[in-house]
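Structure data (PDB, C-alpha atoms and all ligand atoms) from run_10.pdb:
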```pdb
ATOM      1  CA  MET A   1      -7.096 -15.008  16.674  1.00  0.00           C
ATOM      2  CA  ASP A   2      -4.297 -13.290  18.621  1.00  0.00           C
ATOM      3  CA  GLU A   3      -4.264  -9.544  18.100  1.00  0.00           C
ATOM      4  CA  GLN A   4      -0.465  -9.267  17.935  1.00  0.00           C
ATOM      5  CA  PHE A   5      -0.717  -5.834  16.232  1.00  0.00           C
ATOM      6  CA  ALA A   6      -3.276  -4.309  18.593  1.00  0.00           C
ATOM      7  CA  GLY A   7      -2.523  -0.624  19.116  1.00  0.00           C
ATOM      8  CA  LYS A   8      -0.130  -0.526  16.147  1.00  0.00           C
ATOM      9  CA  THR A   9      -0.537   1.395  12.910  1.00  0.00           C
ATOM     10  CA  ALA A  10       0.575   0.114   9.519  1.00  0.00           C
ATOM     11  CA  VAL A  11       0.790   1.583   6.033  1.00  0.00           C
ATOM     12  CA  VAL A  12       0.351  -0.900   3.181  1.00  0.00           C
ATOM     13  CA  THR A  13       1.300   0.472  -0.232  1.00  0.00           C
ATOM     14  CA  GLY A  14      -0.458  -1.034  -3.224  1.00  0.00           C
ATOM     15  CA  GLY A  15      -3.025  -2.333  -0.755  1.00  0.00           C
ATOM     16  CA  GLY A  16      -5.935  -2.186  -3.178  1.00  0.00           C
ATOM     17  CA  SER A  17      -5.421  -5.682  -4.601  1.00  0.00           C
ATOM     18  CA  GLY A  18      -3.368  -8.857  -4.569  1.00  0.00           C
ATOM     19  CA  ILE A  19      -0.674  -9.319  -1.941  1.00  0.00           C
ATOM     20  CA  GLY A  20      -1.176  -5.825  -0.488  1.00  0.00           C
ATOM     21  CA  GLU A  21      -4.896  -6.409   0.006  1.00  0.00           C
ATOM     22  CA  ALA A  22      -4.247  -9.763   1.699  1.00  0.00           C
ATOM     23  CA  VAL A  23      -1.670  -8.202   4.036  1.00  0.00           C
ATOM     24  CA  ALA A  24      -3.938  -5.238   4.865  1.00  0.00           C
ATOM     25  CA  LEU A  25      -6.787  -7.622   5.752  1.00  0.00           C
ATOM     26  CA  ALA A  26      -4.458  -9.836   7.822  1.00  0.00           C
ATOM     27  CA  LEU A  27      -2.944  -6.906   9.728  1.00  0.00           C
ATOM     28  CA  ALA A  28      -6.404  -5.537  10.506  1.00  0.00           C
ATOM     29  CA  ALA A  29      -7.560  -8.984  11.650  1.00  0.00           C
ATOM     30  CA  GLU A  30      -4.551  -8.979  14.006  1.00  0.00           C
ATOM     31  CA  GLY A  31      -5.681  -5.690  15.510  1.00  0.00           C
ATOM     32  CA  ALA A  32      -3.674  -3.096  13.550  1.00  0.00           C
ATOM     33  CA  SER A  33      -5.047   0.180  12.253  1.00  0.00           C
ATOM     34  CA  VAL A  34      -4.135   0.187   8.582  1.00  0.00           C
ATOM     35  CA  VAL A  35      -3.660   3.007   6.090  1.00  0.00           C
ATOM     36  CA  VAL A  36      -4.239   1.502   2.639  1.00  0.00           C
ATOM     37  CA  ASN A  37      -2.405   3.314  -0.141  1.00  0.00           C
ATOM     38  CA  ASP A  38      -3.073   2.590  -3.800  1.00  0.00           C
ATOM     39  CA  LEU A  39      -2.824   4.388  -7.112  1.00  0.00           C
ATOM     40  CA  ARG A  40      -6.531   3.604  -7.466  1.00  0.00           C
ATOM     41  CA  LEU A  41      -8.505   5.147  -4.613  1.00  0.00           C
ATOM     42  CA  GLU A  42     -11.584   3.008  -5.358  1.00  0.00           C
ATOM     43  CA  SER A  43      -9.515  -0.170  -4.862  1.00  0.00           C
ATOM     44  CA  ALA A  44      -8.075   1.083  -1.579  1.00  0.00           C
ATOM     45  CA  GLN A  45     -11.546   2.157  -0.436  1.00  0.00           C
ATOM     46  CA  ALA A  46     -13.018  -1.280  -1.251  1.00  0.00           C
ATOM     47  CA  VAL A  47     -10.417  -2.933   1.012  1.00  0.00           C
ATOM     48  CA  VAL A  48     -11.091  -0.382   3.743  1.00  0.00           C
ATOM     49  CA  ASP A  49     -14.824  -1.083   3.468  1.00  0.00           C
ATOM     50  CA  LYS A  50     -14.187  -4.814   4.028  1.00  0.00           C
ATOM     51  CA  ILE A  51     -12.160  -4.098   7.168  1.00  0.00           C
ATOM     52  CA  ILE A  52     -14.656  -1.645   8.577  1.00  0.00           C
ATOM     53  CA  ALA A  53     -17.461  -4.170   7.958  1.00  0.00           C
ATOM     54  CA  ALA A  54     -15.424  -6.640  10.038  1.00  0.00           C
ATOM     55  CA  GLY A  55     -15.059  -4.111  12.861  1.00  0.00           C
ATOM     56  CA  GLY A  56     -11.529  -2.911  12.101  1.00  0.00           C
ATOM     57  CA  LYS A  57     -10.033   0.540  11.618  1.00  0.00           C
ATOM     58  CA  GLU A  58      -8.622   1.559   8.266  1.00  0.00           C
ATOM     59  CA  THR A  59      -8.070   4.638   6.184  1.00  0.00           C
ATOM     60  CA  ALA A  60      -7.726   4.776   2.394  1.00  0.00           C
ATOM     61  CA  VAL A  61      -5.367   7.161   0.660  1.00  0.00           C
ATOM     62  CA  ALA A  62      -4.755   7.500  -3.058  1.00  0.00           C
ATOM     63  CA  GLY A  63      -1.189   7.938  -4.142  1.00  0.00           C
ATOM     64  CA  ASP A  64       1.758   6.970  -6.265  1.00  0.00           C
ATOM     65  CA  VAL A  65       4.665   5.581  -4.211  1.00  0.00           C
ATOM     66  CA  GLY A  66       6.969   7.072  -6.817  1.00  0.00           C
ATOM     67  CA  ASN A  67       5.866  10.512  -5.680  1.00  0.00           C
ATOM     68  CA  PRO A  68       7.366  11.644  -2.335  1.00  0.00           C
ATOM     69  CA  VAL A  69       4.405  13.968  -1.717  1.00  0.00           C
ATOM     70  CA  ASP A  70       2.001  11.005  -1.933  1.00  0.00           C
ATOM     71  CA  VAL A  71       4.213   8.883   0.332  1.00  0.00           C
ATOM     72  CA  LYS A  72       4.288  11.667   2.915  1.00  0.00           C
ATOM     73  CA  ALA A  73       0.478  11.897   2.707  1.00  0.00           C
ATOM     74  CA  ALA A  74       0.196   8.203   3.623  1.00  0.00           C
ATOM     75  CA  VAL A  75       2.560   8.599   6.589  1.00  0.00           C
ATOM     76  CA  ASP A  76       0.781  11.786   7.674  1.00  0.00           C
ATOM     77  CA  ALA A  77      -2.563   9.942   7.529  1.00  0.00           C
ATOM     78  CA  ALA A  78      -1.194   7.257   9.883  1.00  0.00           C
ATOM     79  CA  VAL A  79       0.104   9.823  12.353  1.00  0.00           C
ATOM     80  CA  SER A  80      -2.914  12.119  12.263  1.00  0.00           C
ATOM     81  CA  GLU A  81      -5.559   9.347  12.352  1.00  0.00           C
ATOM     82  CA  TYR A  82      -3.868   6.920  14.751  1.00  0.00           C
ATOM     83  CA  GLY A  83      -1.004   8.808  16.431  1.00  0.00           C
ATOM     84  CA  ALA A  84       2.001   6.951  14.977  1.00  0.00           C
ATOM     85  CA  LEU A  85       3.361   4.767  12.211  1.00  0.00           C
ATOM     86  CA  ASN A  86       4.748   1.480  13.495  1.00  0.00           C
ATOM     87  CA  LEU A  87       4.988  -0.703  10.391  1.00  0.00           C
ATOM     88  CA  ALA A  88       5.262  -0.153   6.628  1.00  0.00           C
ATOM     89  CA  PHE A  89       4.576  -2.933   4.124  1.00  0.00           C
ATOM     90  CA  ASN A  90       6.239  -1.499   1.029  1.00  0.00           C
ATOM     91  CA  ASN A  91       4.468  -3.659  -1.511  1.00  0.00           C
ATOM     92  CA  ALA A  92       3.382  -1.399  -4.388  1.00  0.00           C
ATOM     93  CA  GLY A  93       5.081  -2.207  -7.611  1.00  0.00           C
ATOM     94  CA  ILE A  94       4.726  -3.370 -11.158  1.00  0.00           C
ATOM     95  CA  ALA A  95       6.045  -6.375 -13.018  1.00  0.00           C
ATOM     96  CA  SER A  96       9.032  -5.723 -15.240  1.00  0.00           C
ATOM     97  CA  PRO A  97       8.342  -5.603 -18.973  1.00  0.00           C
ATOM     98  CA  ASN A  98       9.299  -8.750 -20.850  1.00  0.00           C
ATOM     99  CA  GLY A  99      12.559  -8.644 -22.713  1.00  0.00           C
ATOM    100  CA  LEU A 100      16.072  -7.404 -22.238  1.00  0.00           C
ATOM    101  CA  LEU A 101      16.838  -4.444 -19.968  1.00  0.00           C
ATOM    102  CA  ALA A 102      18.619  -2.833 -22.885  1.00  0.00           C
ATOM    103  CA  ASP A 103      15.354  -2.868 -24.870  1.00  0.00           C
ATOM    104  CA  ILE A 104      13.214  -1.109 -22.231  1.00  0.00           C
ATOM    105  CA  ASP A 105      12.539   2.533 -23.068  1.00  0.00           C
ATOM    106  CA  ILE A 106      13.727   5.063 -20.489  1.00  0.00           C
ATOM    107  CA  GLU A 107      10.219   5.977 -19.305  1.00  0.00           C
ATOM    108  CA  GLY A 108       9.389   2.298 -18.740  1.00  0.00           C
ATOM    109  CA  TYR A 109      12.650   1.893 -16.821  1.00  0.00           C
ATOM    110  CA  ARG A 110      11.896   4.922 -14.599  1.00  0.00           C
ATOM    111  CA  ARG A 111       8.353   3.655 -13.903  1.00  0.00           C
ATOM    112  CA  LEU A 112       9.721   0.245 -12.934  1.00  0.00           C
ATOM    113  CA  MET A 113      12.398   1.635 -10.610  1.00  0.00           C
ATOM    114  CA  THR A 114      10.121   4.076  -8.676  1.00  0.00           C
TER     115      THR A 114
HETATM  116  N1  LIG A 201       2.312 -11.895  -7.527  1.00  0.00           N
HETATM  117  C1  LIG A 201       3.551 -12.345  -7.765  1.00  0.00           C
HETATM  118  O1  LIG A 201       3.792 -13.506  -8.156  1.00  0.00           O
HETATM  119  C2  LIG A 201       4.750 -11.446  -7.520  1.00  0.00           C
HETATM  120  C3  LIG A 201       6.039 -11.957  -7.717  1.00  0.00           C
HETATM  121  C4  LIG A 201       7.144 -11.138  -7.467  1.00  0.00           C
HETATM  122  C5  LIG A 201       6.959  -9.833  -7.041  1.00  0.00           C
HETATM  123  N2  LIG A 201       5.699  -9.367  -6.873  1.00  0.00           N
HETATM  124  C6  LIG A 201       5.580  -7.989  -6.429  1.00  0.00           C
HETATM  125  O2  LIG A 201       4.735  -7.942  -5.288  1.00  0.00           O
HETATM  126  C7  LIG A 201       3.960  -6.737  -5.311  1.00  0.00           C
HETATM  127  C8  LIG A 201       2.469  -7.033  -5.286  1.00  0.00           C
HETATM  128  O3  LIG A 201       2.160  -7.941  -6.325  1.00  0.00           O
HETATM  129  P1  LIG A 201       0.665  -8.338  -6.664  1.00  0.00           P
HETATM  130  O4  LIG A 201       0.717  -9.588  -7.472  1.00  0.00           O
HETATM  131  O5  LIG A 201      -0.178  -8.315  -5.427  1.00  0.00           O
HETATM  132  O6  LIG A 201       0.285  -7.145  -7.645  1.00  0.00           O
HETATM  133  P2  LIG A 201      -1.141  -6.490  -8.011  1.00  0.00           P
HETATM  134  O7  LIG A 201      -0.967  -5.919  -9.379  1.00  0.00           O
HETATM  135  O8  LIG A 201      -2.281  -7.435  -7.755  1.00  0.00           O
HETATM  136  O9  LIG A 201      -1.283  -5.332  -6.951  1.00  0.00           O
HETATM  137  C9  LIG A 201      -0.428  -4.213  -6.976  1.00  0.00           C
HETATM  138  C10 LIG A 201      -1.216  -3.035  -6.432  1.00  0.00           C
HETATM  139  O10 LIG A 201      -0.296  -1.945  -6.352  1.00  0.00           O
HETATM  140  C11 LIG A 201      -0.916  -0.799  -6.901  1.00  0.00           C
HETATM  141  N3  LIG A 201       0.154   0.043  -7.420  1.00  0.00           N
HETATM  142  C12 LIG A 201       0.925  -0.162  -8.528  1.00  0.00           C
HETATM  143  N4  LIG A 201       1.817   0.822  -8.673  1.00  0.00           N
HETATM  144  C13 LIG A 201       1.602   1.682  -7.628  1.00  0.00           C
HETATM  145  C14 LIG A 201       2.197   2.899  -7.242  1.00  0.00           C
HETATM  146  N5  LIG A 201       3.205   3.443  -7.963  1.00  0.00           N
HETATM  147  N6  LIG A 201       1.746   3.521  -6.125  1.00  0.00           N
HETATM  148  C15 LIG A 201       0.742   2.994  -5.395  1.00  0.00           C
HETATM  149  N7  LIG A 201       0.111   1.824  -5.728  1.00  0.00           N
HETATM  150  C16 LIG A 201       0.548   1.188  -6.835  1.00  0.00           C
HETATM  151  C17 LIG A 201      -1.857  -1.306  -7.991  1.00  0.00           C
HETATM  152  O11 LIG A 201      -2.883  -0.365  -8.261  1.00  0.00           O
HETATM  153  C18 LIG A 201      -2.368  -2.601  -7.367  1.00  0.00           C
HETATM  154  O12 LIG A 201      -3.542  -2.397  -6.591  1.00  0.00           O
HETATM  155  C19 LIG A 201       4.377  -5.987  -6.579  1.00  0.00           C
HETATM  156  O13 LIG A 201       5.405  -5.059  -6.230  1.00  0.00           O
HETATM  157  C20 LIG A 201       4.902  -7.094  -7.469  1.00  0.00           C
HETATM  158  O14 LIG A 201       5.843  -6.583  -8.435  1.00  0.00           O
HETATM  159  C21 LIG A 201       4.611 -10.134  -7.098  1.00  0.00           C
END
```
Starting from the file, give its structure as structure tokens.
Ligand SMILES: NC(=O)c1ccc[n+]([C@@H]2O[C@H](COP(=O)([O-])OP(=O)(O)OC[C@H]3O[C@@H](n4cnc5c(N)ncnc54)[C@H](O)[C@@H]3O)[C@@H](O)[C@H]2O)c1
Amino acid sequence: MDEQFAGKTAVVTGGGSGIGEAVALALAAEGASVVVNDLRLESAQAVVDKIIAAGGKETAVAGDVGNPVDVKAAVDAAVSEYGALNLAFNNAGIASPNGLLADIDIEGYRRLMT
């Protein structure tokens, strides 16, 4: 496989499962160093463990993308571990609750929008 991301560093938010996990694995397979963010550290760490077992470089960070302090921690991890941040896959998110927007309570709305 071509290593089109060799020497590049990526942050994947919500990288502990689903689409984020698949993208983190694909980026690492293409040579990138990947910082895997997820609300659940154990999920992020499990993805990191898969990449390391395959010979790649990854770092897991726990964090809520709705919290600027956690987002900065992910960017800082990229810069301190690998020297730069070249690519961000801003994937973390939740499905919208079923029903009309007008029926969503304000806390649910805030959670959805962050
Ligand atoms: N799968 C689909 O069909 C589909 C369709 C449209 C949009 N999406 C969007 O694509 C993204 C990924 O979807 P998926 O199906 O892989 O979801 P998923 O639930 O499998 O994975 C989402 C991951 O993001 C993490 N996460 C959730 N909120 C977070 C937060 N605030 N901070 C950090 N991590 C957080 C979760 O812990 C989880 O590991 C989501 O934003 C989803 O809304 C998915």
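Of the listed residues (A:Ser33, A:Ser43, A:Gln4, A:Asn67), A:Ser33 comes nearest to Gly55 of chain A; the distances count only C-alpha atoms.
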Residues of chain A that approach ligand LIG 201 (chain A) to 12 Å or less, counting all atoms listed in the file: could you list each one with the shortest pair of atoms and its distance in Å to one decimal, rows by chain and increasing residue number, as JSON lines?
```
{"residue": "A:Val11", "atom": "CA", "partner": "A:LIG201", "partner_atom": "C15", "distance": 11.5}
{"residue": "A:Val12", "atom": "CA", "partner": "A:LIG201", "partner_atom": "N7", "distance": 9.3}
{"residue": "A:Thr13", "atom": "CA", "partner": "A:LIG201", "partner_atom": "C15", "distance": 5.8}
{"residue": "A:Gly14", "atom": "CA", "partner": "A:LIG201", "partner_atom": "O10", "distance": 3.3}
{"residue": "A:Gly15", "atom": "CA", "partner": "A:LIG201", "partner_atom": "O12", "distance": 5.9}
{"residue": "A:Gly16", "atom": "CA", "partner": "A:LIG201", "partner_atom": "O12", "distance": 4.2}
{"residue": "A:Ser17", "atom": "CA", "partner": "A:LIG201", "partner_atom": "O12", "distance": 4.3}
{"residue": "A:Gly18", "atom": "CA", "partner": "A:LIG201", "partner_atom": "O5", "distance": 3.3}
{"residue": "A:Ile19", "atom": "CA", "partner": "A:LIG201", "partner_atom": "O5", "distance": 3.7}
{"residue": "A:Gly20", "atom": "CA", "partner": "A:LIG201", "partner_atom": "O5", "distance": 5.6}
{"residue": "A:Glu21", "atom": "CA", "partner": "A:LIG201", "partner_atom": "O5", "distance": 7.4}
{"residue": "A:Ala22", "atom": "CA", "partner": "A:LIG201", "partner_atom": "O5", "distance": 8.3}
{"residue": "A:Val23", "atom": "CA", "partner": "A:LIG201", "partner_atom": "O5", "distance": 9.6}
{"residue": "A:Ala24", "atom": "CA", "partner": "A:LIG201", "partner_atom": "O5", "distance": 11.4}
{"residue": "A:Val36", "atom": "CA", "partner": "A:LIG201", "partner_atom": "N7", "distance": 9.4}
{"residue": "A:Asn37", "atom": "CA", "partner": "A:LIG201", "partner_atom": "C15", "distance": 6.1}
{"residue": "A:Asp38", "atom": "CA", "partner": "A:LIG201", "partner_atom": "N7", "distance": 3.8}
{"residue": "A:Leu39", "atom": "CA", "partner": "A:LIG201", "partner_atom": "N7", "distance": 4.1}
{"residue": "A:Arg40", "atom": "CA", "partner": "A:LIG201", "partner_atom": "O11", "distance": 5.4}
{"residue": "A:Leu41", "atom": "CA", "partner": "A:LIG201", "partner_atom": "O11", "distance": 8.7}
{"residue": "A:Glu42", "atom": "CA", "partner": "A:LIG201", "partner_atom": "O12", "distance": 9.8}
{"residue": "A:Ser43", "atom": "CA", "partner": "A:LIG201", "partner_atom": "O12", "distance": 6.6}
{"residue": "A:Ala44", "atom": "CA", "partner": "A:LIG201", "partner_atom": "O12", "distance": 7.6}
{"residue": "A:Gln45", "atom": "CA", "partner": "A:LIG201", "partner_atom": "O12", "distance": 11.1}
{"residue": "A:Ala46", "atom": "CA", "partner": "A:LIG201", "partner_atom": "O12", "distance": 10.9}
{"residue": "A:Val47", "atom": "CA", "partner": "A:LIG201", "partner_atom": "O12", "distance": 10.3}
{"residue": "A:Ala60", "atom": "CA", "partner": "A:LIG201", "partner_atom": "C15", "distance": 11.6}
{"residue": "A:Val61", "atom": "CA", "partner": "A:LIG201", "partner_atom": "C15", "distance": 9.6}
{"residue": "A:Ala62", "atom": "CA", "partner": "A:LIG201", "partner_atom": "C15", "distance": 7.5}
{"residue": "A:Gly63", "atom": "CA", "partner": "A:LIG201", "partner_atom": "C15", "distance": 5.5}
{"residue": "A:Asp64", "atom": "CA", "partner": "A:LIG201", "partner_atom": "N6", "distance": 3.5}
{"residue": "A:Val65", "atom": "CA", "partner": "A:LIG201", "partner_atom": "N6", "distance": 4.1}
{"residue": "A:Gly66", "atom": "CA", "partner": "A:LIG201", "partner_atom": "N5", "distance": 5.4}
{"residue": "A:Asn67", "atom": "CA", "partner": "A:LIG201", "partner_atom": "N5", "distance": 7.9}
{"residue": "A:Pro68", "atom": "CA", "partner": "A:LIG201", "partner_atom": "N6", "distance": 10.6}
{"residue": "A:Val69", "atom": "CA", "partner": "A:LIG201", "partner_atom": "N6", "distance": 11.6}
{"residue": "A:Asp70", "atom": "CA", "partner": "A:LIG201", "partner_atom": "N6", "distance": 8.6}
{"residue": "A:Val71", "atom": "CA", "partner": "A:LIG201", "partner_atom": "N6", "distance": 8.7}
{"residue": "A:Ala74", "atom": "CA", "partner": "A:LIG201", "partner_atom": "C15", "distance": 10.4}
{"residue": "A:Phe89", "atom": "CA", "partner": "A:LIG201", "partner_atom": "C7", "distance": 10.2}
{"residue": "A:Asn90", "atom": "CA", "partner": "A:LIG201", "partner_atom": "O13", "distance": 8.1}
{"residue": "A:Asn91", "atom": "CA", "partner": "A:LIG201", "partner_atom": "C7", "distance": 4.9}
{"residue": "A:Ala92", "atom": "CA", "partner": "A:LIG201", "partner_atom": "O10", "distance": 4.2}
{"residue": "A:Gly93", "atom": "CA", "partner": "A:LIG201", "partner_atom": "O13", "distance": 3.2}
{"residue": "A:Ile94", "atom": "CA", "partner": "A:LIG201", "partner_atom": "O14", "distance": 4.4}
{"residue": "A:Ala95", "atom": "CA", "partner": "A:LIG201", "partner_atom": "O14", "distance": 4.6}
{"residue": "A:Ser96", "atom": "CA", "partner": "A:LIG201", "partner_atom": "O14", "distance": 7.6}
{"residue": "A:Pro97", "atom": "CA", "partner": "A:LIG201", "partner_atom": "O14", "distance": 10.9}
{"residue": "A:Arg110", "atom": "CA", "partner": "A:LIG201", "partner_atom": "N5", "distance": 11.0}
{"residue": "A:Arg111", "atom": "CA", "partner": "A:LIG201", "partner_atom": "N5", "distance": 7.9}
{"residue": "A:Leu112", "atom": "CA", "partner": "A:LIG201", "partner_atom": "N5", "distance": 8.8}
{"residue": "A:Met113", "atom": "CA", "partner": "A:LIG201", "partner_atom": "N5", "distance": 9.7}
{"residue": "A:Thr114", "atom": "CA", "partner": "A:LIG201", "partner_atom": "N5", "distance": 7.0}
```
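Computed from the coordinates, the atom CA of Asp2 of chain A to atom CA of Ala77 of chain A distance equals 25.8 Å.
Closest approach to Thr9 of chain A among A:Ala53, A:Ala26, A:Ala88, A:Ala73: A:Ala88, based on all atoms listed in the file.
When atom CA of Glu3 of chain A is paired with atom CA of Val75 of chain A, their separation reads 22.5 Å.
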Answer key for the PyMOL selection byres (((chain A and resi 85) around 9) and not hetatm), residues as a PyMOL selection string: chain A and resi 8-11+75-76+78-79+82-84+86-88
When the PyMOL selection byres (((chain A and resi 30) around 6) and not hetatm) is applied to the structure above, which residues does it catch, written out as a ChimeraX atom specification? /A:3-5,27-29,31-32
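Reported to one decimal place, the separation of atom CA of Val35 of chain A from atom CA of Tyr109 of chain A is 28.1 Å.
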Put a box with edges along x, y and z around all the listed atoms of segment 98-107 of chain A, pad it by 6 Å on each side, then give me its centre and sizes in Å, one decimal, as lines of an AutoDock Vina configuration file.
```
center_x = 14.0
center_y = -1.4
center_z = -22.1
size_x = 21.3
size_y = 26.7
size_z = 17.6
```
